[in-house]
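> This is target-v9.cif (mmCIF, C-alpha atoms).
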```
data_final
loop_
_atom_site.group_PDB
_atom_site.id
_atom_site.type_symbol
_atom_site.label_atom_id
_atom_site.label_comp_id
_atom_site.auth_asym_id
_atom_site.auth_seq_id
_atom_site.Cartn_x
_atom_site.Cartn_y
_atom_site.Cartn_z
ATOM 1 C CA MET S 1 17.094 10.081 -17.219
ATOM 2 C CA THR S 2 15.750 7.205 -15.093
ATOM 3 C CA SER S 3 12.553 5.738 -16.500
ATOM 4 C CA ALA S 4 9.276 5.885 -14.596
ATOM 5 C CA LEU S 5 7.793 2.600 -13.400
ATOM 6 C CA PRO S 6 4.384 1.586 -14.811
ATOM 7 C CA VAL S 7 1.980 1.637 -11.850
ATOM 8 C CA LEU S 8 -1.632 0.459 -11.834
ATOM 9 C CA TRP S 9 -3.494 2.030 -8.903
ATOM 10 C CA LEU S 10 -6.878 0.467 -8.124
ATOM 11 C CA TYR S 11 -8.741 2.877 -5.879
ATOM 12 C CA GLY S 12 -12.213 3.454 -4.524
ATOM 13 C CA PRO S 13 -14.096 3.499 -1.210
ATOM 14 C CA SER S 14 -13.673 0.850 1.477
ATOM 15 C CA GLY S 15 -15.490 -2.399 0.715
ATOM 16 C CA VAL S 16 -15.299 -2.175 -3.053
ATOM 17 C CA GLY S 17 -12.747 -5.009 -3.372
ATOM 18 C CA LYS S 18 -9.518 -3.136 -4.095
ATOM 19 C CA SER S 19 -7.097 -5.301 -2.114
ATOM 20 C CA THR S 20 -8.648 -8.618 -3.187
ATOM 21 C CA VAL S 21 -8.608 -7.710 -6.870
ATOM 22 C CA ALA S 22 -5.139 -6.112 -6.790
ATOM 23 C CA TRP S 23 -3.623 -9.128 -5.039
ATOM 24 C CA GLU S 24 -5.194 -11.549 -7.514
ATOM 25 C CA LEU S 25 -3.989 -9.424 -10.419
ATOM 26 C CA SER S 26 -0.456 -9.395 -8.959
ATOM 27 C CA THR S 27 -0.570 -13.156 -8.497
ATOM 28 C CA ARG S 28 -1.491 -13.617 -12.153
ATOM 29 C CA LEU S 29 1.396 -11.409 -13.264
ATOM 30 C CA TRP S 30 3.790 -13.497 -11.172
ATOM 31 C CA ARG S 31 2.314 -16.698 -12.548
ATOM 32 C CA ASP S 32 2.991 -15.366 -16.057
ATOM 33 C CA GLY S 33 6.614 -14.694 -15.141
ATOM 34 C CA VAL S 34 6.300 -10.904 -14.966
ATOM 35 C CA ARG S 35 8.543 -9.394 -12.290
ATOM 36 C CA ALA S 36 5.945 -7.235 -10.551
ATOM 37 C CA ALA S 37 5.584 -5.542 -7.169
ATOM 38 C CA TYR S 38 2.494 -4.993 -5.042
ATOM 39 C CA VAL S 39 1.661 -2.641 -2.168
ATOM 40 C CA ASP S 40 -1.441 -1.413 -0.372
ATOM 41 C CA VAL S 41 -1.296 2.311 0.395
ATOM 42 C CA ASP S 42 -2.642 1.679 3.901
ATOM 43 C CA GLN S 43 0.799 0.247 4.656
ATOM 44 C CA LEU S 44 2.396 3.564 3.641
ATOM 45 C CA GLY S 45 0.604 5.871 6.042
ATOM 46 C CA MET S 46 0.581 4.341 9.533
ATOM 47 C CA CYS S 47 1.741 7.492 11.260
ATOM 48 C CA TYR S 48 -0.391 9.229 13.902
ATOM 49 C CA GLY S 49 -0.157 11.560 16.830
ATOM 50 C CA PRO S 50 -1.225 10.563 20.355
ATOM 51 C CA PRO S 51 -4.966 9.932 20.759
ATOM 52 C CA THR S 52 -7.121 12.800 21.957
ATOM 53 C CA PRO S 53 -10.632 12.860 23.452
ATOM 54 C CA GLU S 54 -11.927 13.862 20.008
ATOM 55 C CA LYS S 55 -9.869 11.516 17.799
ATOM 56 C CA TRP S 56 -8.246 8.163 18.403
ATOM 57 C CA TRP S 57 -6.237 8.515 15.190
ATOM 58 C CA PRO S 58 -5.294 12.212 14.871
ATOM 59 C CA GLU S 59 -3.700 13.059 11.540
ATOM 60 C CA PRO S 60 -1.345 15.852 10.476
ATOM 61 C CA ALA S 61 -3.305 19.104 10.237
ATOM 62 C CA GLN S 62 -1.695 19.846 6.875
ATOM 63 C CA ASP S 63 -2.496 16.384 5.498
ATOM 64 C CA PRO S 64 -5.944 15.152 6.602
ATOM 65 C CA GLY S 65 -6.413 11.585 5.509
ATOM 66 C CA ARG S 66 -2.617 11.277 5.137
ATOM 67 C CA HIS S 67 -3.054 11.128 1.358
ATOM 68 C CA ARG S 68 0.036 13.215 0.583
ATOM 69 C CA MET S 69 2.098 11.094 2.985
ATOM 70 C CA GLN S 70 0.919 7.869 1.372
ATOM 71 C CA THR S 71 1.457 9.171 -2.159
ATOM 72 C CA ALA S 72 4.988 10.371 -1.398
ATOM 73 C CA ASN S 73 5.817 6.994 0.122
ATOM 74 C CA LEU S 74 4.294 5.252 -2.889
ATOM 75 C CA ASP S 75 6.659 7.142 -5.185
ATOM 76 C CA ALA S 76 9.645 6.028 -3.087
ATOM 77 C CA VAL S 77 8.434 2.420 -3.042
ATOM 78 C CA ALA S 78 7.956 2.522 -6.824
ATOM 79 C CA ALA S 79 11.498 3.837 -7.334
ATOM 80 C CA ASN S 80 12.904 1.077 -5.123
ATOM 81 C CA ALA S 81 10.862 -1.583 -6.929
ATOM 82 C CA ARG S 82 12.148 -0.277 -10.273
ATOM 83 C CA ASP S 83 15.737 -0.374 -9.011
ATOM 84 C CA SER S 84 15.121 -3.945 -7.803
ATOM 85 C CA GLY S 85 14.252 -5.008 -11.346
ATOM 86 C CA ALA S 86 10.459 -4.738 -11.256
ATOM 87 C CA ALA S 87 8.661 -4.146 -14.544
ATOM 88 C CA CYS S 88 5.539 -2.769 -12.874
ATOM 89 C CA LEU S 89 3.745 -2.168 -9.583
ATOM 90 C CA VAL S 90 0.143 -2.907 -8.630
ATOM 91 C CA VAL S 91 -1.320 -0.650 -5.927
ATOM 92 C CA SER S 92 -4.554 -0.856 -3.971
ATOM 93 C CA GLY S 93 -5.984 1.739 -1.651
ATOM 94 C CA VAL S 94 -8.014 4.827 -1.021
ATOM 95 C CA VAL S 95 -7.299 8.282 -2.427
ATOM 96 C CA ASP S 96 -8.374 11.779 -1.448
ATOM 97 C CA PRO S 97 -12.169 11.604 -1.991
ATOM 98 C CA GLU S 98 -12.343 15.276 -2.949
ATOM 99 C CA HIS S 99 -9.195 15.797 -5.014
ATOM 100 C CA GLY S 100 -8.085 12.377 -6.186
ATOM 101 C CA ILE S 101 -4.415 11.501 -6.732
ATOM 102 C CA ASP S 102 -1.808 14.266 -6.665
ATOM 103 C CA GLU S 103 0.395 13.091 -9.528
ATOM 104 C CA ARG S 104 2.921 15.837 -8.796
ATOM 105 C CA LEU S 105 4.074 13.655 -5.904
ATOM 106 C CA LEU S 106 4.804 10.729 -8.255
ATOM 107 C CA PRO S 107 7.822 11.665 -10.405
ATOM 108 C CA ASN S 108 9.021 8.047 -10.527
ATOM 109 C CA VAL S 109 5.649 6.684 -11.630
ATOM 110 C CA ALA S 110 3.923 6.210 -14.983
ATOM 111 C CA LEU S 111 0.415 6.094 -13.527
ATOM 112 C CA THR S 112 -2.656 4.222 -14.690
ATOM 113 C CA ALA S 113 -5.442 4.867 -12.173
ATOM 114 C CA ILE S 114 -8.685 2.881 -12.301
ATOM 115 C CA ARG S 115 -11.547 3.480 -9.893
ATOM 116 C CA LEU S 116 -13.544 0.529 -8.613
ATOM 117 C CA ARG S 117 -17.132 1.345 -7.703
ATOM 118 C CA VAL S 118 -20.241 -0.514 -6.554
ATOM 119 C CA ASP S 119 -23.910 0.361 -6.233
ATOM 120 C CA ALA S 120 -24.855 1.969 -2.937
ATOM 121 C CA ASP S 121 -27.043 -0.911 -1.704
ATOM 122 C CA GLU S 122 -24.361 -3.516 -2.337
ATOM 123 C CA LEU S 123 -21.653 -1.318 -0.806
ATOM 124 C CA ARG S 124 -23.757 -0.878 2.314
ATOM 125 C CA TYR S 125 -24.232 -4.639 2.495
ATOM 126 C CA ARG S 126 -20.515 -5.371 2.050
ATOM 127 C CA LEU S 127 -19.619 -2.936 4.811
ATOM 128 C CA SER S 128 -22.231 -4.415 7.142
ATOM 129 C CA VAL S 129 -20.854 -7.955 6.868
ATOM 130 C CA ARG S 130 -17.173 -7.030 7.236
ATOM 131 C CA ASP S 131 -15.616 -7.672 10.611
ATOM 132 C CA ARG S 132 -14.212 -4.173 11.080
ATOM 133 C CA PRO S 133 -15.512 -2.633 14.311
ATOM 134 C CA GLY S 134 -15.722 1.133 14.246
ATOM 135 C CA GLU S 135 -15.646 1.459 10.451
ATOM 136 C CA PRO S 136 -17.611 4.669 9.760
ATOM 137 C CA MET S 137 -20.236 3.494 7.270
ATOM 138 C CA ASP S 138 -21.743 6.951 6.703
ATOM 139 C CA GLU S 139 -18.297 8.359 5.959
ATOM 140 C CA VAL S 140 -17.516 5.570 3.517
ATOM 141 C CA MET S 141 -20.848 6.018 1.757
ATOM 142 C CA LEU S 142 -20.141 9.745 1.370
ATOM 143 C CA GLU S 143 -16.679 9.010 -0.027
ATOM 144 C CA ALA S 144 -18.255 6.673 -2.568
ATOM 145 C CA VAL S 145 -20.606 9.449 -3.715
ATOM 146 C CA LEU S 146 -17.725 11.898 -4.024
ATOM 147 C CA MET S 147 -15.554 9.459 -5.979
ATOM 148 C CA ASP S 148 -18.398 8.677 -8.373
ATOM 149 C CA ARG S 149 -17.996 12.258 -9.565
ATOM 150 C CA PHE S 150 -14.370 11.686 -10.575
ATOM 151 C CA PRO S 151 -13.615 11.695 -14.293
ATOM 152 C CA GLY S 152 -11.523 8.938 -15.767
ATOM 153 C CA SER S 153 -11.598 5.167 -16.044
ATOM 154 C CA TYR S 154 -13.627 2.968 -13.711
ATOM 155 C CA VAL S 155 -14.959 -0.575 -13.380
ATOM 156 C CA ASP S 156 -18.317 -1.251 -11.738
ATOM 157 C CA THR S 157 -17.927 -4.315 -9.496
ATOM 158 C CA THR S 158 -21.624 -4.673 -8.623
ATOM 159 C CA GLY S 159 -22.552 -8.350 -8.764
ATOM 160 C CA LEU S 160 -19.255 -9.332 -10.387
ATOM 161 C CA SER S 161 -16.752 -12.025 -9.418
ATOM 162 C CA VAL S 162 -13.056 -11.240 -9.003
ATOM 163 C CA ASP S 163 -12.388 -12.804 -12.415
ATOM 164 C CA GLU S 164 -15.001 -10.580 -14.016
ATOM 165 C CA VAL S 165 -13.611 -7.464 -12.332
ATOM 166 C CA ILE S 166 -10.109 -8.285 -13.561
ATOM 167 C CA GLY S 167 -11.540 -8.769 -17.044
ATOM 168 C CA GLY S 168 -13.065 -5.307 -16.857
ATOM 169 C CA ILE S 169 -9.775 -3.827 -15.657
ATOM 170 C CA SER S 170 -7.927 -5.491 -18.541
ATOM 171 C CA LYS S 171 -10.284 -3.836 -21.018
ATOM 172 C CA VAL S 172 -9.949 -0.401 -19.432
ATOM 173 C CA ALA S 173 -6.177 -0.601 -18.870
ATOM 174 C CA GLU S 174 -5.624 -1.956 -22.395
ATOM 175 C CA ASP S 175 -2.015 -3.244 -22.654
ATOM 176 C CA TRP S 176 -0.782 -2.150 -19.218
ATOM 177 C CA PRO S 177 2.058 -2.418 -18.302
ATOM 178 C CA GLY S 178 3.060 -2.737 -21.969
ATOM 179 C CA SER S 179 4.494 -5.599 -23.956
ATOM 180 C CA ASP S 180 8.045 -4.214 -23.831
ATOM 181 C CA SER S 181 8.006 -4.052 -20.030
ATOM 182 C CA THR S 182 6.607 -7.545 -19.534
ATOM 183 C CA ALA S 183 8.911 -9.159 -22.087
ATOM 184 C CA ALA S 184 11.955 -7.666 -20.404
ATOM 185 C CA ALA S 185 10.673 -8.584 -16.963
ATOM 186 C CA LYS S 186 10.344 -12.278 -17.770
ATOM 187 C CA ALA S 187 14.136 -12.410 -17.850
ATOM 188 C CA VAL S 188 14.056 -11.424 -14.143
ATOM 189 C CA ARG S 189 16.301 -8.406 -14.451
ATOM 190 C CA PRO S 190 18.843 -8.233 -11.621
ATOM 191 C CA ALA S 191 18.644 -5.424 -9.107
ATOM 192 C CA THR S 192 20.710 -2.336 -9.936
ATOM 193 C CA ALA S 193 21.146 0.493 -7.451
ATOM 194 C CA ILE S 194 19.212 -1.355 -4.801
ATOM 195 C CA SER S 195 21.702 -4.233 -4.776
ATOM 196 C CA ALA S 196 24.079 -2.205 -2.625
ATOM 197 C CA VAL S 197 21.473 -1.487 0.038
ATOM 198 C CA ARG S 198 21.927 -3.154 3.402
ATOM 199 C CA THR S 199 20.022 -2.671 6.625
ATOM 200 C CA PRO S 200 20.097 1.130 6.846
ATOM 201 C CA GLU S 201 21.278 3.249 9.711
ATOM 202 C CA LEU S 202 18.078 5.048 10.600
ATOM 203 C CA PRO S 203 18.140 8.402 12.422
ATOM 204 C CA GLY S 204 15.744 8.926 15.297
ATOM 205 C CA ARG S 205 14.120 6.406 17.594
ATOM 206 C CA VAL S 206 13.507 3.120 15.752
ATOM 207 C CA LEU S 207 12.402 -0.099 17.455
ATOM 208 C CA ARG S 208 12.777 -3.191 15.289
ATOM 209 C CA ILE S 209 10.750 -6.257 16.315
ATOM 210 C CA ARG S 210 12.252 -9.335 14.690
ATOM 211 C CA GLY S 211 10.872 -12.837 14.576
ATOM 212 C CA PRO S 212 9.771 -15.667 12.282
ATOM 213 C CA ARG S 213 6.842 -15.020 9.996
ATOM 214 C CA GLU S 214 4.763 -17.634 11.743
ATOM 215 C CA GLY S 215 5.358 -15.888 15.090
ATOM 216 C CA ALA S 216 3.609 -12.962 16.738
ATOM 217 C CA ARG S 217 6.070 -10.204 15.875
ATOM 218 C CA SER S 218 3.496 -8.144 13.944
ATOM 219 C CA MET S 219 0.982 -8.355 16.783
ATOM 220 C CA VAL S 220 3.648 -7.504 19.364
ATOM 221 C CA GLY S 221 4.962 -4.632 17.256
ATOM 222 C CA TRP S 222 1.460 -3.218 16.791
ATOM 223 C CA GLN S 223 0.755 -3.362 20.528
ATOM 224 C CA ILE S 224 4.026 -1.581 21.311
ATOM 225 C CA TYR S 225 3.165 1.048 18.717
ATOM 226 C CA ARG S 226 -0.248 1.484 20.309
ATOM 227 C CA GLN S 227 1.263 1.925 23.765
ATOM 228 C CA MET S 228 3.731 4.491 22.463
ATOM 229 C CA ARG S 229 0.882 6.578 21.132
ATOM 230 C CA LEU S 230 -1.071 6.208 24.361
ATOM 231 C CA SER S 231 1.978 7.486 26.231
ATOM 232 C CA GLY S 232 1.845 10.734 24.220
ATOM 233 C CA THR S 233 4.235 9.958 21.363
ATOM 234 C CA ASN S 234 3.761 10.780 17.695
ATOM 235 C CA ALA S 235 4.661 7.379 16.251
ATOM 236 C CA ALA S 236 4.730 5.357 13.032
ATOM 237 C CA TYR S 237 4.515 1.644 12.282
ATOM 238 C CA VAL S 238 5.559 -0.597 9.393
ATOM 239 C CA ASP S 239 5.422 -4.327 8.745
ATOM 240 C CA LEU S 240 8.274 -5.018 6.342
ATOM 241 C CA ASP S 241 6.587 -8.087 4.882
ATOM 242 C CA GLN S 242 3.990 -5.696 3.472
ATOM 243 C CA LEU S 243 6.716 -3.567 1.841
ATOM 244 C CA GLY S 244 8.495 -6.436 0.116
ATOM 245 C CA PHE S 245 6.073 -7.979 -2.359
ATOM 246 C CA LEU S 246 8.164 -8.449 -5.519
ATOM 247 C CA ARG S 247 8.168 -11.651 -7.545
ATOM 248 C CA PRO S 248 9.571 -13.714 -9.190
ATOM 249 C CA PHE S 249 12.426 -13.543 -6.683
ATOM 250 C CA ASP S 250 15.992 -12.565 -7.471
ATOM 251 C CA ALA S 251 18.313 -15.422 -6.516
ATOM 252 C CA ALA S 252 20.654 -12.868 -4.935
ATOM 253 C CA ASP S 253 17.869 -11.600 -2.654
ATOM 254 C CA PRO S 254 15.299 -14.421 -2.316
ATOM 255 C CA GLY S 255 13.419 -12.806 0.566
ATOM 256 C CA ASN S 256 13.451 -9.284 -0.901
ATOM 257 C CA ARG S 257 15.260 -8.123 2.228
ATOM 258 C CA ARG S 258 17.208 -5.459 0.324
ATOM 259 C CA LEU S 259 13.983 -4.046 -1.045
ATOM 260 C CA GLN S 260 12.457 -4.084 2.437
ATOM 261 C CA ALA S 261 15.461 -2.232 3.863
ATOM 262 C CA ALA S 262 15.309 0.427 1.166
ATOM 263 C CA ASN S 263 11.570 0.895 1.672
ATOM 264 C CA LEU S 264 11.999 1.081 5.444
ATOM 265 C CA ALA S 265 14.465 3.946 5.075
ATOM 266 C CA ALA S 266 12.262 5.715 2.536
ATOM 267 C CA VAL S 267 9.002 5.634 4.496
ATOM 268 C CA TRP S 268 10.757 6.620 7.718
ATOM 269 C CA ARG S 269 12.062 9.778 6.047
ATOM 270 C CA THR S 270 8.495 10.673 5.086
ATOM 271 C CA PHE S 271 7.138 9.877 8.546
ATOM 272 C CA ARG S 272 9.870 11.974 10.193
ATOM 273 C CA ALA S 273 9.007 14.910 7.960
ATOM 274 C CA ALA S 274 5.369 14.507 9.055
ATOM 275 C CA GLY S 275 6.351 14.816 12.716
ATOM 276 C CA ALA S 276 6.870 11.212 13.825
ATOM 277 C CA GLU S 277 9.155 10.895 16.833
ATOM 278 C CA CYS S 278 9.658 7.141 16.649
ATOM 279 C CA LEU S 279 9.056 4.135 14.413
ATOM 280 C CA VAL S 280 8.140 0.554 15.272
ATOM 281 C CA ALA S 281 9.156 -1.870 12.510
ATOM 282 C CA ALA S 282 8.151 -5.554 12.457
ATOM 283 C CA GLU S 283 10.670 -7.590 10.458
ATOM 284 C CA PRO S 284 10.955 -11.246 9.442
ATOM 285 C CA LEU S 285 14.030 -13.284 10.365
ATOM 286 C CA ASP S 286 13.714 -15.803 7.532
ATOM 287 C CA ASP S 287 13.975 -15.341 3.781
ATOM 288 C CA ALA S 288 10.730 -17.049 2.837
ATOM 289 C CA ALA S 289 7.983 -15.234 0.987
ATOM 290 C CA ALA S 290 4.998 -13.796 2.805
ATOM 291 C CA ALA S 291 1.708 -15.468 1.953
ATOM 292 C CA GLY S 292 -0.294 -12.382 1.019
ATOM 293 C CA PRO S 293 -1.499 -8.956 2.019
ATOM 294 C CA ILE S 294 -3.061 -8.211 5.369
#
```
Translate this structure into structure tokens?


Amino acid sequence: MTSALPVLWLYGPSGVGKSTVAWELSTRLWRDGVRAAYVDVDQLGMCYGPPTPEKWWPEPAQDPGRHRMQTANLDAVAANARDSGAACLVVSGVVDPEHGIDERLLPNVALTAIRLRVDADELRYRLSVRDRPGEPMDEVMLEAVLMDRFPGSYVDTTGLSVDEVIGGISKVAEDWPGSDSTAAAKAVRPATAISAVRTPELPGRVLRIRGPREGARSMVGWQIYRQMRLSGTNAAYVDLDQLGFLRPFDAADPGNRRLQAANLAAVWRTFRAAGAECLVAAEPLDDAAAAGPI
């Protein structure tokens, strides 16, 4: 039986510091020689119907919030990271504020979930100073209240630095991902099943926008995706740089392009099942590493 990948999912409401802390934690694992992957769940659920007068971002009726879609894609990404030689995966992102994480959708994951929280006044302040037009503050504040009712492990980030938050996570997560996993990972295990993956033949309508990382391919791809939706199309979008964070690199795949290709195929299957008619994918042409999450 294939082993499950140790996954640390840092979740909580918007503005609590999930992405910043998760990226710093991933960077420290890489610095220590641990072959670890990172993904933000926002990158696993960019799939919407055409805008309506009531909603600019209409979601599947059977999956409001797209939490099931994101969780299913996370499981696929975890499996691909494992098959690429990863010892663990760090995840940041929101979860269903009423029901939490549906672990039934994560058969390839050994999950450690830690909630990040912050006092209401500080959360309100953080949201007010972020440059995110249209972010629904009242909705975020309600989600924070709902998540504070969740059982399980949490770290209060109120007044803490990133270093202090990571220290709190280390105490709560104990020896995650485990000494056996990290010791094996420092040898940079070669990819296994994923090594045979090439750019996949993708069914359906797929537009691939290729260009150098320093170019505007992501911006162009996003604008095309936006126009597709405005034209009445149920569409999805991915930026492959955001689906290829795995370090230290394998010499046989220094840009993690095989991992990106496998993840592209996996998330497109999920998006198709959710009703997407087309996919816009922004891809790098070079094999250099992306600088960080967006």

> Expressed in Å to a single decimal, how great is the separation between atom CA of S:Pro284 and atom CA of S:Arg205?

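Atom CA of S:Arg205 lies 19.7 Å from atom CA of S:Pro284.
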
> What residues have an atom no more than 12 Å from (4.5, 7.0, -12.5) in the file's own frame, counting only C-alpha atoms, and can you write them as a ChimeraX atom specification?

/S:2-9,71-72,74-79,82,88-91,101-113,177

> I'd like to know which of S:Leu259, S:Ala252, S:Val21, S:Ala265 is closest to S:Ser84, using only C-alpha atoms.

S:Leu259

> Atom CA of S:Leu285 and atom CA of S:Ala216, how far apart in Å?

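So the two atoms, atom CA of S:Ala216 and atom CA of S:Leu285, lie 12.2 Å apart.
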
> Using all atoms listed in the file, which residues sit within 10 Å of S:Arg115 once same-chain residues fewer than 6 positions away are excluded, as an MDAnalysis selection string?

chainID S and resid 9:13 16 18 94:95 147:148 150:156 169

> Pick from S:Leu160, S:Pro58, S:Val172, S:Ala81: nearest to S:Ile114, with all atoms listed in the file counted?

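Counting all atoms listed in the file, the residue closest to S:Ile114 is S:Val172.
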
> In Å, rounded to a single decimal, give me how far atom CA of S:Arg130 is from atom CA of S:His99.

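Answer for the atom CA of S:His99 to atom CA of S:Arg130 separation: 27.1 Å.
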
> Can you work out which one of S:Pro50, S:Asp83, S:Asp119, S:Glu164 has the shortest atom-to-atom distance to S:Arg35, counting only C-alpha atoms?

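Distance minimum relative to S:Arg35 lands on S:Asp83.
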
> Tell me, as a ChimeraX atom specification, which residues lie within 7 Å of S:Gly45, counting all atoms listed in the file; anything in the same chain fewer than 4 positions away does not count.

/S:41,66,69-70

> Find the residues around S:Glu135 up to 10 Å (all atoms listed in the file counted), leave out those fewer than 6 positions away in its own chain, and share them as a ChimeraX atom specification.

/S:14,127-128

> Print the selection's residues with C-alpha atoms to a file, as an mmCIF file, keeping the file's coordinate frame.


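Just written: part.cif:
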```
data_model
loop_
_atom_site.group_PDB
_atom_site.id
_atom_site.type_symbol
_atom_site.label_atom_id
_atom_site.label_comp_id
_atom_site.auth_asym_id
_atom_site.auth_seq_id
_atom_site.Cartn_x
_atom_site.Cartn_y
_atom_site.Cartn_z
ATOM 1 C CA SER S 14 -13.673 0.850 1.477
ATOM 2 C CA LEU S 127 -19.619 -2.936 4.811
ATOM 3 C CA SER S 128 -22.231 -4.415 7.142
#
```

> Please determine, counting all atoms listed in the file, which residue among S:Gly178, S:Pro248, S:Pro212, S:Gly49 has the shortest atom-to-atom distance to S:Cys278.

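Distance minimum relative to S:Cys278 lands on S:Gly49.
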
> Expand the PyMOL selection byres ((chain S and resi 279) around 6) into the explicit residue set it covers here, and present it as a list in words.

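Output from the PyMOL selection byres ((chain S and resi 279) around 6), applied to this file: Val206, Ala235, Ala236, Tyr237, Cys278 and Val280 of chain S.
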
> Enumerate, as a ChimeraX atom specification, the residues matched when the PyMOL selection byres ((chain S and resi 241) around 8) is run on the file above.

/S:239-240,242-245,260,283-284,290

> Point out the residue among S:Arg126, S:Arg247, S:His67, S:Arg117 with the least atom-to-atom distance to S:Glu143, counting all atoms listed in the file.

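Among the listed residues, the smallest separation from S:Glu143 belongs to S:Arg117.
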
> From the options S:Cys47, S:Gln227, S:Met137, S:Gly159, which residue's atoms come nearest to S:Val267, counting only C-alpha atoms?

S:Cys47

> Give me the result of the PyMOL selection byres ((chain S and resi 220) around 12) on this file, residue by residue, as a list in words.

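With the shown file as input, the PyMOL selection byres ((chain S and resi 220) around 12) matches Leu207, Arg208, Ile209, Arg210, Gly211, Gly215, Ala216, Arg217, Ser218, Met219, Gly221, Trp222, Gln223, Ile224, Tyr225, Arg226, Gln227, Tyr237, Asp239, Val280, Ala281, Ala282 and Glu283 of chain S.
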